[in-house]
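Chemist: my_file_34.json is reproduced below (JSON, C-alpha atoms).
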[["chain", "number", "residue", "atom", "x", "y", "z"],
["V", 130, "MET", "CA", -8.70, 8.35, 11.33],
["V", 131, "THR", "CA", -11.41, 9.62, 13.65],
["V", 132, "ASP", "CA", -14.10, 8.70, 11.10],
["V", 133, "THR", "CA", -12.80, 5.20, 10.37],
["V", 134, "ASP", "CA", -15.42, 2.53, 9.76],
["V", 135, "ILE", "CA", -13.85, -0.44, 11.52],
["V", 136, "ASP", "CA", -15.64, -3.05, 9.36],
["V", 137, "LYS", "CA", -14.30, -1.41, 6.18],
["V", 138, "ALA", "CA", -10.84, -1.14, 7.74],
["V", 139, "LYS", "CA", -10.85, -4.87, 8.55],
["V", 140, "LYS", "CA", -11.78, -5.69, 4.94],
["V", 141, "LEU", "CA", -8.93, -3.48, 3.71],
["V", 142, "TYR", "CA", -6.41, -5.17, 6.02],
["V", 143, "ASN", "CA", -7.73, -8.60, 5.04],
["V", 144, "VAL", "CA", -6.83, -7.85, 1.43],
["V", 145, "ASN", "CA", -3.67, -5.72, 1.75],
["V", 146, "VAL", "CA", -2.05, -7.40, 4.76],
["V", 147, "PHE", "CA", -3.49, -10.78, 5.68],
["V", 148, "GLY", "CA", -4.06, -11.76, 2.04],
["V", 149, "LEU", "CA", -0.37, -11.08, 1.35],
["V", 150, "VAL", "CA", 0.63, -13.24, 4.34],
["V", 151, "GLU", "CA", -1.69, -16.08, 3.35],
["V", 152, "VAL", "CA", -0.43, -16.21, -0.24],
["V", 153, "THR", "CA", 3.17, -15.98, 0.93],
["V", 154, "LYS", "CA", 2.70, -18.88, 3.37],
["V", 155, "ILE", "CA", 1.28, -21.05, 0.58],
["V", 156, "PHE", "CA", 4.19, -20.35, -1.78],
["V", 157, "VAL", "CA", 7.12, -20.39, 0.68],
["V", 158, "PRO", "CA", 7.90, -24.12, 0.23],
["V", 159, "MET", "CA", 8.15, -23.63, -3.54],
["V", 160, "LEU", "CA", 10.14, -20.41, -3.17],
["V", 161, "VAL", "CA", 12.63, -22.10, -0.85],
["V", 162, "ALA", "CA", 13.03, -25.05, -3.24],
["V", 163, "ALA", "CA", 13.59, -22.67, -6.18],
["V", 164, "LYS", "CA", 15.63, -20.10, -4.21],
["V", 165, "GLY", "CA", 13.09, -17.65, -5.56],
["V", 166, "ARG", "CA", 12.13, -14.08, -4.88],
["V", 167, "ILE", "CA", 9.04, -12.46, -3.38],
["V", 168, "VAL", "CA", 7.98, -9.07, -4.76],
["V", 169, "ASN", "CA", 5.50, -7.15, -2.64],
["V", 170, "ILE", "CA", 3.84, -4.00, -3.95],
["V", 171, "GLY", "CA", 3.80, -1.16, -1.47],
["V", 172, "SER", "CA", 2.91, 2.49, -1.79],
["V", 173, "VAL", "CA", 4.40, 5.89, -1.19],
["V", 174, "ALA", "CA", 1.39, 6.28, 1.13],
["V", 175, "SER", "CA", 3.34, 4.33, 3.73],
["V", 176, "LYS", "CA", 5.88, 7.19, 3.83],
["V", 177, "VAL", "CA", 3.81, 10.19, 2.70],
["V", 178, "PRO", "CA", 0.39, 9.57, 4.20],
["V", 179, "MET", "CA", -2.75, 10.75, 2.42],
["V", 180, "VAL", "CA", -5.40, 12.55, 4.43],
["V", 181, "PHE", "CA", -8.50, 10.47, 5.26],
["V", 182, "GLN", "CA", -6.66, 7.34, 4.10],
["V", 183, "GLY", "CA", -5.17, 6.31, 7.44],
["V", 184, "MET", "CA", -6.11, 2.66, 7.20],
["V", 185, "TYR", "CA", -4.75, 2.38, 3.65],
["V", 186, "ASN", "CA", -1.56, 4.21, 4.69],
["V", 187, "GLY", "CA", -1.18, 1.86, 7.64],
["V", 188, "SER", "CA", -1.83, -1.25, 5.55],
["V", 189, "LYS", "CA", 0.92, -0.24, 3.14],
["V", 190, "ALA", "CA", 3.29, 0.48, 6.03],
["V", 191, "ALA", "CA", 2.48, -3.04, 7.25],
["V", 192, "VAL", "CA", 3.42, -4.42, 3.82],
["V", 193, "GLN", "CA", 6.83, -2.79, 4.18],
["V", 194, "ALA", "CA", 7.35, -4.15, 7.70],
["V", 195, "ILE", "CA", 6.25, -7.63, 6.60],
["V", 196, "SER", "CA", 8.60, -7.48, 3.60],
["V", 197, "ASP", "CA", 11.51, -6.39, 5.79],
["V", 198, "THR", "CA", 10.80, -9.20, 8.26],
["V", 199, "LEU", "CA", 10.37, -11.83, 5.54],
["V", 200, "ARG", "CA", 13.68, -10.71, 4.02],
["V", 201, "LEU", "CA", 15.44, -11.48, 7.31],
["V", 202, "GLU", "CA", 13.58, -14.73, 7.94],
["V", 203, "LEU", "CA", 13.94, -16.17, 4.43],
["V", 204, "ALA", "CA", 17.50, -15.05, 3.61],
["V", 205, "PRO", "CA", 19.04, -18.17, 5.21],
["V", 206, "PHE", "CA", 17.01, -20.23, 2.73],
["V", 207, "GLY", "CA", 18.12, -18.25, -0.31],
["V", 208, "VAL", "CA", 14.80, -16.48, -0.85],
["V", 209, "GLY", "CA", 14.95, -12.78, -1.67],
["V", 210, "VAL", "CA", 12.25, -10.26, -0.81],
["V", 211, "ILE", "CA", 11.72, -6.96, -2.61],
["V", 212, "HIS", "CA", 9.32, -4.26, -1.48],
["V", 213, "VAL", "CA", 8.32, -2.02, -4.41],
["V", 214, "VAL", "CA", 7.20, 1.47, -3.40],
["V", 215, "THR", "CA", 4.94, 2.93, -6.05],
["V", 216, "GLY", "CA", 3.81, 6.50, -6.36],
["V", 217, "GLY", "CA", 0.41, 7.32, -7.74],
["V", 218, "VAL", "CA", -0.77, 4.97, -10.44],
["V", 219, "ARG", "CA", -3.49, 6.08, -12.85],
["V", 220, "THR", "CA", -6.36, 3.65, -12.35],
["V", 221, "LEU", "CA", -10.14, 3.82, -12.19],
["V", 222, "ILE", "CA", -10.22, 3.29, -8.42],
["V", 223, "VAL", "CA", -11.63, 6.76, -7.73],
["V", 224, "GLN", "CA", -14.18, 6.59, -10.54],
["V", 225, "ASN", "CA", -15.24, 3.11, -9.43],
["V", 226, "ALA", "CA", -15.73, 4.12, -5.79],
["V", 227, "THR", "CA", -19.22, 3.22, -4.68],
["V", 228, "SER", "CA", -19.87, 6.54, -2.95],
["V", 229, "ASP", "CA", -18.34, 9.74, -1.68],
["V", 230, "TYR", "CA", -16.40, 9.69, 1.55],
["V", 231, "ASP", "CA", -18.93, 8.90, 4.22],
["V", 232, "PHE", "CA", -18.64, 11.39, 7.04],
["V", 233, "PRO", "CA", -20.43, 10.17, 10.17],
["V", 234, "ILE", "CA", -23.07, 12.53, 11.54],
["V", 235, "ASP", "CA", -20.77, 13.52, 14.41],
["V", 236, "SER", "CA", -17.61, 13.94, 12.26],
["V", 237, "LEU", "CA", -15.28, 16.77, 13.16],
["V", 238, "TYR", "CA", -14.88, 17.36, 9.41],
["V", 239, "GLY", "CA", -18.56, 17.39, 8.40],
["V", 240, "PRO", "CA", -18.80, 21.18, 8.12],
["V", 241, "ALA", "CA", -15.87, 21.23, 5.65],
["V", 242, "ARG", "CA", -17.12, 18.37, 3.49],
["V", 243, "SER", "CA", -17.46, 20.33, 0.24],
["V", 244, "GLU", "CA", -13.92, 21.74, 0.55],
["V", 245, "LEU", "CA", -12.46, 18.32, 1.34],
["V", 246, "ASP", "CA", -14.34, 16.33, -1.29],
["V", 247, "ALA", "CA", -11.83, 16.90, -4.14],
["V", 248, "ALA", "CA", -8.90, 15.67, -2.06],
["V", 249, "ILE", "CA", -10.84, 12.73, -0.70],
["V", 250, "ARG", "CA", -12.01, 11.65, -4.17],
["V", 251, "GLY", "CA", -8.42, 11.66, -5.43],
["V", 252, "SER", "CA", -8.52, 14.55, -7.88],
["V", 253, "THR", "CA", -5.42, 16.04, -6.27],
["V", 254, "THR", "CA", -3.27, 12.91, -6.59],
["V", 255, "ASP", "CA", -2.00, 13.56, -10.16],
["V", 256, "SER", "CA", 1.09, 15.26, -8.69],
["V", 257, "PHE", "CA", 2.08, 11.89, -7.23],
["V", 258, "LEU", "CA", 1.68, 9.86, -10.42],
["V", 259, "THR", "CA", 4.74, 7.69, -10.93],
["V", 260, "SER", "CA", 4.58, 8.25, -14.69],
["V", 261, "GLU", "CA", 4.86, 12.00, -14.16],
["V", 262, "LEU", "CA", 7.77, 11.71, -11.74],
["V", 263, "CYS", "CA", 9.68, 8.93, -13.52],
["V", 264, "PRO", "CA", 8.68, 8.72, -17.20],
["V", 265, "ALA", "CA", 11.12, 5.86, -17.81],
["V", 266, "PRO", "CA", 11.40, 2.86, -15.50],
["V", 267, "ALA", "CA", 14.35, 3.14, -13.15],
["V", 268, "PRO", "CA", 16.65, 0.16, -12.73],
["V", 269, "PRO", "CA", 15.98, -1.81, -9.55],
["V", 270, "CYS", "CA", 17.92, -0.78, -6.50],
["V", 271, "GLU", "CA", 19.23, -3.67, -4.49],
["V", 272, "SER", "CA", 21.22, -3.76, -1.30],
["V", 273, "SER", "CA", 22.16, -6.48, 1.09],
["V", 274, "ARG", "CA", 20.37, -4.74, 3.96],
["V", 275, "ARG", "CA", 17.06, -3.70, 2.53],
["V", 276, "GLU", "CA", 15.48, -3.99, -0.89],
["V", 277, "THR", "CA", 12.97, -1.23, -1.35],
["V", 278, "VAL", "CA", 12.53, 0.00, -4.88]]
Any chance you could give the structure as C-alpha cells?

Modeler:
Amino acid sequence: MTDTDIDKAKKLYNVNVFGLVEVTKIFVPMLVAAKGRIVNIGSVASKVPMVFQGMYNGSKAAVQAISDTLRLELAPFGVGVIHVVTGGVRTLIVQNATSDYDFPIDSLYGPARSELDAAIRGSTTDSFLTSELCPAPAPPCESSRRETV
C-alpha cells in the first residue's frame, strides 16, 4: 500500500467500483419491473488479501459491501442481489501486464525486488485457482440474510 500510485488506484476503482454502481443505476428500473436479480463478481482477495494488491483487494471488498447494501435496499422491490466470490481464475492478466511492479525510488521494498517479483507477477497464485479447489461447480448457496457464493 505504501507504493500505491494514486492515479492507477483511481482507474481501478472507476472500473471495479464506480463502474458497477453506474451500470446498476441504469438497470435498476428494469430490474424492479422484472423482479430480477443482480449478480456481482467479487474475489477471494476481499477476504484473503494479496500482497502488493491493496487497491484491488479493497475494490473487491467494496463490491461485497455494495452488494450487501443493494440487497437490503432492493429487497422491498423484489430484486435479489448475489455476490459471487471467486478464487483464482486462470487468465492472461499477468502475461498481459504492461510492466513489472513499479517500485518507486524510495520504496521500502526496493532492495527485495528480485525476491518479490514472482509473487507480484502472479506466479504463486495457482494454489488459489478455483478450478483446482473446486473441479466441479458447486450449487449456489442462498440465504435470506446474505447471498455470497

Chemist: Looking at all atoms listed in the file, which of V:Leu203, V:Ile170, V:Ala190, V:Asp235 is the one that sits closest to Val157 in chain V?

Modeler: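 Using all atoms listed in the file, Val157 in chain V sits closest to V:Leu203.
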
Chemist: Kindly give the distance, in Å, that separates CA of Met159 in chain V and CA of Val208 in chain V, rounded to a single decimal.

Modeler: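 Pair CA of Met159 in chain V / CA of Val208 in chain V returns 10.1 Å.
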
Chemist: Measuring between all atoms listed in the file, which one of V:Gly216, V:Pro158, V:Gly165, V:Gly171 shows the shortest distance to Asp197 in chain V?

Modeler: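 When distances to Asp197 in chain V are compared using all atoms listed in the file, the smallest one comes from V:Gly171.
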
Chemist: List every protein, DNA or RNA residue that has an atom no more than 8 Å from (-6.1, -1.1, 3.6) in the file's coordinate frame, counting all atoms listed in the file, and report them as a compact mmCIF listing (two decimals) with C-alpha atoms, keeping the file's coordinate frame.

Modeler:
# COMPACT_ATOMS: atom_id res chain seq x y z
CA ALA V 138 -10.84 -1.14 7.74
CA LYS V 139 -10.85 -4.87 8.55
CA LYS V 140 -11.78 -5.69 4.94
CA LEU V 141 -8.93 -3.48 3.71
CA TYR V 142 -6.41 -5.17 6.02
CA ASN V 143 -7.73 -8.60 5.04
CA VAL V 144 -6.83 -7.85 1.43
CA ASN V 145 -3.67 -5.72 1.75
CA VAL V 146 -2.05 -7.40 4.76
CA MET V 184 -6.11 2.66 7.20
CA TYR V 185 -4.75 2.38 3.65
CA ASN V 186 -1.56 4.21 4.69
CA GLY V 187 -1.18 1.86 7.64
CA SER V 188 -1.83 -1.25 5.55
CA LYS V 189 0.92 -0.24 3.14

Chemist: Could you name the residues that touch Val168 in chain V at 12 Å or less, counting all atoms listed in the file, but leaving out those on the same chain fewer than 2 positions away, as a list of chain:residue names?

Modeler: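 Close residues of Val168 in chain V: V:Leu149, V:Val152, V:Thr153, V:Leu160, V:Gly165, V:Arg166, V:Ile170, V:Gly171, V:Val192, V:Gln193, V:Ile195, V:Ser196, V:Asp197, V:Leu199, V:Arg200, V:Val208, V:Gly209, V:Val210, V:Ile211, V:His212, V:Val213, V:Val214, V:Pro269, V:Glu276, V:Thr277, V:Val278.
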
Chemist: Tell me which protein, DNA and RNA residues are within 12 Å of Thr131 in chain V, counting all atoms listed in the file, leaving out same-chain ones fewer than 3 positions away, and put them as an MDAnalysis selection string.

Modeler: chainID V and resid 134:135 180:184 232:233 235:239

Chemist: Kindly give the distance, in Å, that separates CA of Lys137 in chain V and CA of Ile155 in chain V, rounded to a single decimal.

Modeler: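 Here the two named atoms are 25.7 Å from each other.
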
Chemist: Tell me, in Å to one decimal, how far CA of Val150 in chain V is from CA of Arg219 in chain V.

Modeler: 26.2 Å
